[in-house]
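To keep things clear, I will list the structure first and then write my remarks on it.
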Amino acid sequence: MKQFRRRTRICILSLLFLSVFAPILLLYGSSGFVEDLSSLKGRRDLRKLNLVKQEEGVGLREPVLEVYKDVNVDPTVRSRFTDLGGDVDAKGISGQNQEDKRPVTSVIVDAQPQARRVVMDAKIKEMKDQLIRAKAYLSFAVPAGNAHLNKELRLRIKELERAMGDVSKDSDLSKRAFQRMRSMENSLQKSARIYPDCLLMVKKLRAMANNAEEQVRVHKEQESFLVQLAGRTTLKGLHCLSMRLTSEYFALNPEERKLPSNPDVHDSNLYHFVVFSDNVLAGSVVVDSTVSSAKEPGKIVFHVVTDSLNFAAFSMWFILHPPKKATIQIHNIDNFDWFSTKYNPPNTDGRDSQDPRYTSTLNHLRFYLPDIFPTLNKIILLDHDVVVQKDLTPLWRVNMMGKVNAAVKTCGNDPAHRRMSLLLNLSDPTVGKRFSNEACTWVFGVNVFDLKKWRKMNLTGVYGKYLQLGKKKPMWKAGTLPLGWMTFYNQTIGLDQKWQTHGLGYYSGIRQEDIERAAVIHYDGVMKPWLDIGFEKYKTYWRKHVEYNHPSLQQCNIA
């Protein structure tokens with residue numbers, strides 16, 4: 001009887017237990033429990049997949065996927081909470097009691113977007129890694145009885161590439177892309193079991209990396225060539241502008257072609273500036289920016305030296321747009337009496353004859369300033385790729401200390417410093433004995449020249465001597481800058497850095513405060529502000545001096 005009662009009591013308790021907890025167990029078992037088992041199994045497989053033994057002498061391994069254990073608090077919360085400035089104490093996140101969880105919950109909510117973004121940002125990279133591994137497996141010899149694996153990998157590659165498309169952000173990936181990613185991972189697990197030779201995989205990946213590096217090198221060379229080509233090419237719009245202005249100039253009556261004259265144009269007490277240019281738009285920006293920045297524009301005389309092809313275009317532009325109060329003079333190099341007998345053209349044998357750094361007469365005429373302006377004792381040379389932002393007349397009061405040239409110098413540890421060896425062949429005995437690689441260097445852009453001292457030292461003759469030596473053997477690289485370094489060696493004083501900031505034509509990392517504080521900004525390099533390849537963020541300073549509403553500019557589609 002007692003046994004019967006005991007059994008009856010046990011049956012009743014069992015029925016009660018089942019009636020209460022059975023639905024919960026069934027619900028959990030149909031979803032969470034199964035998912036937990038599958039996730040634990042998947043993680044165990046991932047750990048096995050990523051346990052790659054490190055070979056001796058081999059420093060390359062596959063990236064290991066970090067799998068975190070299930071804990072009550074997301075591991076990213078701690079670092080996120082610290083980043084937010086919170087102090088984690090003993091009763092903080094990991095050691096918080098069960099009674100007070102609200103602060104932790106608020107931090108988790110705050111941290112979830114950041115954690116999700118970090119995870120999602122890695123999906124594109126992970127998919128690309130899968131493609132690389134799959135292609136590496138395809139290059140291996142197929143073991144007997146596993147031909148189907150190659151077909152499967154090719155199919156997975158096509159599917160994943162199609163699902164990724166041109167997407168560059170994880171947020172733009174579709175659900176199908178994640179499905180293809182999981183399918184690819186399963187196929188890669190199969191391949192890892194069939195191809196256990198880790199050393200072979202390392203060699204293949206290294207070969208693929210070397211091939212990719214070679215392709216990058218070739219593409220960089222192509223990019224450099226195309227940029228140089230674009231820098232040497234005259235834009236269709238600029239050519240159109242020059243032709244239109246030229247036709248308008250010759251349509252005028254002879255008496256209308258003359259610019260306003262100033263009887264005191266050769267007065268040495270006035271502020272004389274000169275620019276050599278064959279680009280009407282660039283030359284007009286230099287003149288306009290210089291005059292508009294001057295405190296005494298009425299004392300400025302601007303000399304524009306150009307060739308016969310662009311003389312009419314320059315003249316017409318300044319007839320239509322005369323500088324405010326300042327005097328403008330346009331000089332045609334064909335009208336120089338001494339030009340045919342004294343000018344020594346640079347040598348282009350064995351060099352790129354299309355490169356204006358070698359062939360441009362206007363570039364080399366800067367070394368004949370005393371002959372171009374025989375009545376002047378001082379002049380400021382501006383390149384046609386500069387923009388003047390402040391008054392330059394204080395440069396006329398600079399103490400030249402018996403030197404010929406005044407320019408912004410760079411020396412020693414200055415990041416912008418360019419050593420002599422960069423452009424001069426110091427290994428040549430003739431060059432190495434006369435010039436030191438430790439000497440300070442400078443750039444053209446804004447230069448003050450004492451023409452009286454120049455004539456006395458016959459520096460034009462020094463330039464001609466080095467030019468002749470350079471025709472016999474390579475002594476310098478492209479351009480007139482190395483010739484300037486040699487001609488004015490020990491004859492240059494340094495100006496304050498505030499007078500010029502250069503590099504806007506080849507370096508994108510110049511600070512805005514350096515640009516704005518400079519009296520002159522120089523777009524030296526091939527990425528000029530009037531070219532499409534120029535840095536867009538630097539073009540604003542140049543564009544504000546261009547009259548885009550001018551009919552000729554609009555008709556030539558210059559915008």
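Letters for chains follow the order of the structure tokens (A, B, ...), residue numbers begin at 1 for each chain, and ligand numbers begin at 1 in the order shown.
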Find the residues around Gly432 of chain A up to 12 Å (only C-alpha atoms counted), leave out those fewer than 3 positions away in its own chain, and share them as an MDAnalysis selection string. chainID A and resid 420:421 424:429 435:438 475:476 486
Interface rows for segment 458-555 of chain A against segment 410-416 of chain A: nearest pair, Å to one decimal, 10 Å, only C-alpha atoms, as a tab-separated table:
```
residue	atom	partner	partner_atom	distance
A:Gly494	CA	A:Thr410	CA	8.5
A:Gln497	CA	A:Thr410	CA	8.9
A:His502	CA	A:Ala416	CA	9.0
A:Gly503	CA	A:Ala416	CA	8.7
```
Using N, CA and C atoms, can you export the residues from the last selection as a PDB file, in the first residue's frame?
```pdb
ATOM      1  N   GLY A 494      68.185  84.356 -48.075  1.00  0.00           N
ATOM      2  CA  GLY A 494      66.888  83.757 -47.798  1.00  0.00           C
ATOM      3  C   GLY A 494      65.845  84.786 -47.367  1.00  0.00           C
ATOM      4  N   GLN A 497      59.794  82.739 -44.601  1.00  0.00           N
ATOM      5  CA  GLN A 497      58.915  81.711 -45.157  1.00  0.00           C
ATOM      6  C   GLN A 497      57.522  82.245 -45.488  1.00  0.00           C
ATOM      7  N   HIS A 502      54.977  76.860 -51.451  1.00  0.00           N
ATOM      8  CA  HIS A 502      55.009  76.168 -52.744  1.00  0.00           C
ATOM      9  C   HIS A 502      54.570  74.716 -52.565  1.00  0.00           C
ATOM     10  N   GLY A 503      54.400  74.035 -53.686  1.00  0.00           N
ATOM     11  CA  GLY A 503      54.022  72.624 -53.662  1.00  0.00           C
ATOM     12  C   GLY A 503      52.558  72.365 -53.990  1.00  0.00           C
TER      13      GLY A 503
END
```
Can you pull out the residues contacting Val398 of chain A? Cut-off 10 Å, using only C-alpha atoms, and skip same-chain residues under 4 positions away; I want them as a PDB file with N, CA and C atoms, in the first residue's frame.
```
ATOM      1  N   THR A 393      55.190  94.950 -52.107  1.00  0.00           N
ATOM      2  CA  THR A 393      56.110  96.094 -52.179  1.00  0.00           C
ATOM      3  C   THR A 393      57.160  96.108 -51.056  1.00  0.00           C
ATOM      4  N   PRO A 394      56.906  95.519 -49.855  1.00  0.00           N
ATOM      5  CA  PRO A 394      57.990  95.489 -48.857  1.00  0.00           C
ATOM      6  C   PRO A 394      59.233  94.733 -49.316  1.00  0.00           C
ATOM      7  N   ALA A 406      67.223  87.014 -54.061  1.00  0.00           N
ATOM      8  CA  ALA A 406      66.556  86.801 -52.775  1.00  0.00           C
ATOM      9  C   ALA A 406      65.381  85.869 -53.016  1.00  0.00           C
ATOM     10  N   VAL A 448      63.582  88.225 -55.885  1.00  0.00           N
ATOM     11  CA  VAL A 448      64.022  89.617 -56.013  1.00  0.00           C
ATOM     12  C   VAL A 448      65.438  89.586 -56.573  1.00  0.00           C
ATOM     13  N   ILE A 493      70.243  85.145 -50.907  1.00  0.00           N
ATOM     14  CA  ILE A 493      69.888  85.313 -49.493  1.00  0.00           C
ATOM     15  C   ILE A 493      68.466  84.773 -49.297  1.00  0.00           C
ATOM     16  N   LEU A 495      64.641  84.627 -47.913  1.00  0.00           N
ATOM     17  CA  LEU A 495      63.501  85.442 -47.487  1.00  0.00           C
ATOM     18  C   LEU A 495      62.727  84.691 -46.408  1.00  0.00           C
TER      19      LEU A 495
END
```
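Residue nearest Tyr195 of chain A, chosen from A:Ile157, A:Leu238, A:Val142, A:Cys440 and counting only C-alpha atoms: A:Val142.
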Thr487 of chain A: which residues within 12 Å, counting only C-alpha atoms, same-chain residues fewer than 2 positions away excluded, as a short mmCIF file (atom, residue, chain, number, x, y, z; two decimals) with C-alpha atoms, in the first residue's frame?
```
data_model
loop_
_atom_site.label_atom_id
_atom_site.label_comp_id
_atom_site.auth_asym_id
_atom_site.auth_seq_id
_atom_site.Cartn_x
_atom_site.Cartn_y
_atom_site.Cartn_z
CA ARG A 366 64.81 84.57 -66.97
CA PHE A 367 68.61 84.30 -67.05
CA TYR A 368 68.72 87.30 -69.44
CA VAL A 404 72.04 88.99 -56.45
CA ASN A 405 69.03 86.81 -55.67
CA ARG A 434 81.81 73.34 -56.85
CA PHE A 435 78.54 72.51 -55.08
CA TRP A 454 74.05 90.75 -61.69
CA MET A 457 79.26 89.62 -61.83
CA ASN A 458 78.20 88.63 -65.38
CA LEU A 459 75.96 85.83 -64.08
CA THR A 460 74.35 85.47 -67.50
CA GLY A 461 77.76 84.36 -68.73
CA VAL A 462 78.00 81.89 -65.81
CA TYR A 463 74.64 80.46 -66.85
CA GLY A 464 75.84 80.12 -70.45
CA LYS A 465 79.00 78.30 -69.33
CA TYR A 466 77.03 75.72 -67.36
CA LEU A 467 74.59 75.35 -70.23
CA THR A 480 65.72 75.69 -65.12
CA LEU A 481 65.79 75.25 -61.33
CA PRO A 482 69.09 73.29 -61.22
CA LEU A 483 70.62 75.87 -63.56
CA GLY A 484 69.39 78.55 -61.16
CA TRP A 485 71.01 76.75 -58.23
CA TYR A 489 75.23 79.57 -55.90
CA ASN A 490 76.51 81.63 -52.93
CA GLN A 491 74.64 84.61 -54.40
CA THR A 492 71.23 84.01 -52.79
#
```
For segment 437-535 of chain A against segment 540-559 of chain A, with a cut-off of 12 Å and counting only C-alpha atoms, what is the closest atom pair and its distance in Å to one decimal for every residue that makes the cut, ordered by chain and number, as a tab-separated table?
```
residue	atom	partner	partner_atom	distance
A:Leu504	CA	A:Tyr541	CA	10.8
A:Gln512	CA	A:Tyr541	CA	11.1
A:Ile515	CA	A:Tyr541	CA	9.3
A:Glu516	CA	A:Tyr541	CA	9.4
A:Ala518	CA	A:Tyr541	CA	11.8
A:Val520	CA	A:Tyr541	CA	10.7
A:Ile521	CA	A:Tyr541	CA	8.8
A:His522	CA	A:Trp542	CA	10.3
A:Tyr523	CA	A:Trp542	CA	9.6
A:Lys528	CA	A:Trp542	CA	10.0
A:Pro529	CA	A:Trp542	CA	6.8
A:Trp530	CA	A:Trp542	CA	8.5
A:Leu531	CA	A:Ile558	CA	10.7
A:Asp532	CA	A:Ala559	CA	10.8
A:Gly534	CA	A:Trp542	CA	11.2
A:Phe535	CA	A:Thr540	CA	9.8
```
DSSP on the backbone, alpha helix (DSSP H) only: what residues of segment 249-395 of chain A does that give? Format it as an MDAnalysis selection string. chainID A and resid 249:251 280:293 308:320 339:342 356:359 361:364 369:372
Take the residues that were just selected and, keeping C-alpha atoms, output them as a PDB file, in the first residue's frame.
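So the final result, stored in again-v1.pdb, reads:
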```
ATOM      1  CA  TYR A 249      43.200  92.102 -81.763  1.00  0.00           C
ATOM      2  CA  PHE A 250      43.850  92.146 -85.506  1.00  0.00           C
ATOM      3  CA  ALA A 251      40.278  93.287 -86.123  1.00  0.00           C
ATOM      4  CA  VAL A 280      46.920  84.242 -71.257  1.00  0.00           C
ATOM      5  CA  LEU A 281      44.683  83.046 -68.442  1.00  0.00           C
ATOM      6  CA  ALA A 282      47.562  82.217 -66.081  1.00  0.00           C
ATOM      7  CA  GLY A 283      49.375  85.476 -66.818  1.00  0.00           C
ATOM      8  CA  SER A 284      46.219  87.518 -66.212  1.00  0.00           C
ATOM      9  CA  VAL A 285      45.762  85.869 -62.794  1.00  0.00           C
ATOM     10  CA  VAL A 286      49.316  86.814 -61.766  1.00  0.00           C
ATOM     11  CA  VAL A 287      48.821  90.429 -62.807  1.00  0.00           C
ATOM     12  CA  ASP A 288      45.340  90.766 -61.293  1.00  0.00           C
ATOM     13  CA  SER A 289      46.282  89.171 -57.969  1.00  0.00           C
ATOM     14  CA  THR A 290      49.448  91.273 -57.651  1.00  0.00           C
ATOM     15  CA  VAL A 291      47.736  94.577 -58.404  1.00  0.00           C
ATOM     16  CA  SER A 292      44.620  93.863 -56.308  1.00  0.00           C
ATOM     17  CA  SER A 293      46.805  92.968 -53.298  1.00  0.00           C
ATOM     18  CA  SER A 308      55.095  86.235 -81.023  1.00  0.00           C
ATOM     19  CA  LEU A 309      52.374  83.584 -81.117  1.00  0.00           C
ATOM     20  CA  ASN A 310      50.724  84.898 -77.930  1.00  0.00           C
ATOM     21  CA  PHE A 311      51.672  88.581 -78.112  1.00  0.00           C
ATOM     22  CA  ALA A 312      48.393  89.630 -79.758  1.00  0.00           C
ATOM     23  CA  ALA A 313      46.283  87.569 -77.328  1.00  0.00           C
ATOM     24  CA  PHE A 314      47.979  89.105 -74.271  1.00  0.00           C
ATOM     25  CA  SER A 315      47.680  92.602 -75.718  1.00  0.00           C
ATOM     26  CA  MET A 316      43.980  92.178 -76.453  1.00  0.00           C
ATOM     27  CA  TRP A 317      43.258  90.793 -72.990  1.00  0.00           C
ATOM     28  CA  PHE A 318      44.819  93.772 -71.223  1.00  0.00           C
ATOM     29  CA  ILE A 319      43.201  96.223 -73.658  1.00  0.00           C
ATOM     30  CA  LEU A 320      39.854  94.785 -72.526  1.00  0.00           C
ATOM     31  CA  PHE A 339      67.988  87.893 -78.938  1.00  0.00           C
ATOM     32  CA  SER A 340      69.270  86.293 -82.140  1.00  0.00           C
ATOM     33  CA  THR A 341      72.942  86.815 -81.289  1.00  0.00           C
ATOM     34  CA  LYS A 342      73.100  86.434 -77.521  1.00  0.00           C
ATOM     35  CA  PRO A 356      58.680  72.356 -72.159  1.00  0.00           C
ATOM     36  CA  ARG A 357      61.134  72.239 -69.265  1.00  0.00           C
ATOM     37  CA  TYR A 358      63.846  71.620 -71.893  1.00  0.00           C
ATOM     38  CA  THR A 359      62.508  73.448 -74.933  1.00  0.00           C
ATOM     39  CA  THR A 361      62.554  79.707 -74.537  1.00  0.00           C
ATOM     40  CA  LEU A 362      60.441  81.660 -72.036  1.00  0.00           C
ATOM     41  CA  ASN A 363      61.677  79.444 -69.196  1.00  0.00           C
ATOM     42  CA  HIS A 364      65.334  80.177 -69.975  1.00  0.00           C
ATOM     43  CA  LEU A 369      66.870  89.796 -67.229  1.00  0.00           C
ATOM     44  CA  PRO A 370      69.689  92.412 -67.304  1.00  0.00           C
ATOM     45  CA  ASP A 371      69.530  92.381 -71.120  1.00  0.00           C
ATOM     46  CA  ILE A 372      65.727  92.585 -71.253  1.00  0.00           C
TER      47      ILE A 372
END
```
Selection: 12 Å around Val167 of chain A, only C-alpha atoms, excl. self and same-chain fewer than 4 positions, as a ChimeraX atom specification: /A:121,123-125,127-128,160-163,171-174,177
Write a file of the just-selected residues containing N, CA and C atoms, as a PDB file, in the first residue's frame.
```pdb
ATOM      1  N   ASP A 121      32.240  46.590 -41.432  1.00  0.00           N
ATOM      2  CA  ASP A 121      33.313  47.103 -42.271  1.00  0.00           C
ATOM      3  C   ASP A 121      34.288  46.018 -42.687  1.00  0.00           C
ATOM      4  N   LYS A 123      33.371  42.912 -43.671  1.00  0.00           N
ATOM      5  CA  LYS A 123      32.760  41.897 -44.531  1.00  0.00           C
ATOM      6  C   LYS A 123      33.316  41.942 -45.952  1.00  0.00           C
ATOM      7  N   ILE A 124      33.445  43.112 -46.509  1.00  0.00           N
ATOM      8  CA  ILE A 124      33.978  43.223 -47.868  1.00  0.00           C
ATOM      9  C   ILE A 124      35.387  42.638 -47.934  1.00  0.00           C
ATOM     10  N   LYS A 125      36.189  42.993 -46.934  1.00  0.00           N
ATOM     11  CA  LYS A 125      37.561  42.478 -46.903  1.00  0.00           C
ATOM     12  C   LYS A 125      37.570  40.964 -46.754  1.00  0.00           C
ATOM     13  N   MET A 127      35.268  38.854 -47.746  1.00  0.00           N
ATOM     14  CA  MET A 127      34.858  38.261 -49.017  1.00  0.00           C
ATOM     15  C   MET A 127      36.003  38.251 -50.025  1.00  0.00           C
ATOM     16  N   LYS A 128      36.764  39.347 -50.076  1.00  0.00           N
ATOM     17  CA  LYS A 128      37.913  39.397 -50.987  1.00  0.00           C
ATOM     18  C   LYS A 128      38.962  38.364 -50.597  1.00  0.00           C
ATOM     19  N   LEU A 160      29.949  34.696 -55.695  1.00  0.00           N
ATOM     20  CA  LEU A 160      30.365  35.731 -54.742  1.00  0.00           C
ATOM     21  C   LEU A 160      30.722  37.022 -55.462  1.00  0.00           C
ATOM     22  N   GLU A 161      31.425  36.918 -56.602  1.00  0.00           N
ATOM     23  CA  GLU A 161      31.779  38.125 -57.362  1.00  0.00           C
ATOM     24  C   GLU A 161      30.531  38.828 -57.875  1.00  0.00           C
ATOM     25  N   ARG A 162      29.545  38.044 -58.329  1.00  0.00           N
ATOM     26  CA  ARG A 162      28.304  38.637 -58.813  1.00  0.00           C
ATOM     27  C   ARG A 162      27.527  39.293 -57.669  1.00  0.00           C
ATOM     28  N   ALA A 163      27.558  38.660 -56.497  1.00  0.00           N
ATOM     29  CA  ALA A 163      26.835  39.216 -55.346  1.00  0.00           C
ATOM     30  C   ALA A 163      27.500  40.489 -54.828  1.00  0.00           C
ATOM     31  N   SER A 171      27.373  48.230 -45.902  1.00  0.00           N
ATOM     32  CA  SER A 171      25.958  48.566 -45.756  1.00  0.00           C
ATOM     33  C   SER A 171      25.191  48.392 -47.062  1.00  0.00           C
ATOM     34  N   ASP A 172      25.920  48.359 -48.186  1.00  0.00           N
ATOM     35  CA  ASP A 172      25.272  48.210 -49.486  1.00  0.00           C
ATOM     36  C   ASP A 172      25.148  46.761 -49.928  1.00  0.00           C
ATOM     37  N   LEU A 173      25.697  45.835 -49.146  1.00  0.00           N
ATOM     38  CA  LEU A 173      25.626  44.416 -49.505  1.00  0.00           C
ATOM     39  C   LEU A 173      24.207  43.889 -49.317  1.00  0.00           C
ATOM     40  N   SER A 174      23.809  43.004 -50.213  1.00  0.00           N
ATOM     41  CA  SER A 174      22.490  42.381 -50.117  1.00  0.00           C
ATOM     42  C   SER A 174      22.554  41.140 -49.228  1.00  0.00           C
ATOM     43  N   ALA A 177      24.426  38.299 -50.755  1.00  0.00           N
ATOM     44  CA  ALA A 177      25.889  38.335 -50.653  1.00  0.00           C
ATOM     45  C   ALA A 177      26.371  37.601 -49.411  1.00  0.00           C
TER      46      ALA A 177
END
```
Each segment 390-501 of chain A residue no farther than 12 Å from segment 252-268 of chain A, nearest pair in Å, only C-alpha atoms, as a Markdown table:
```
| residue | atom | partner | partner_atom | distance |
| --- | --- | --- | --- | --- |
| A:Trp396 | CA | A:Ser268 | CA | 11.0 |
| A:Asp450 | CA | A:Ser268 | CA | 11.8 |
| A:Leu451 | CA | A:Ser268 | CA | 11.3 |
| A:Lys452 | CA | A:Ser268 | CA | 11.6 |
```
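Closest approach to Phe444 of chain A among A:Val386, A:Leu469, A:Ile333, A:Met401 is made by A:Val386 (distances from only C-alpha atoms).
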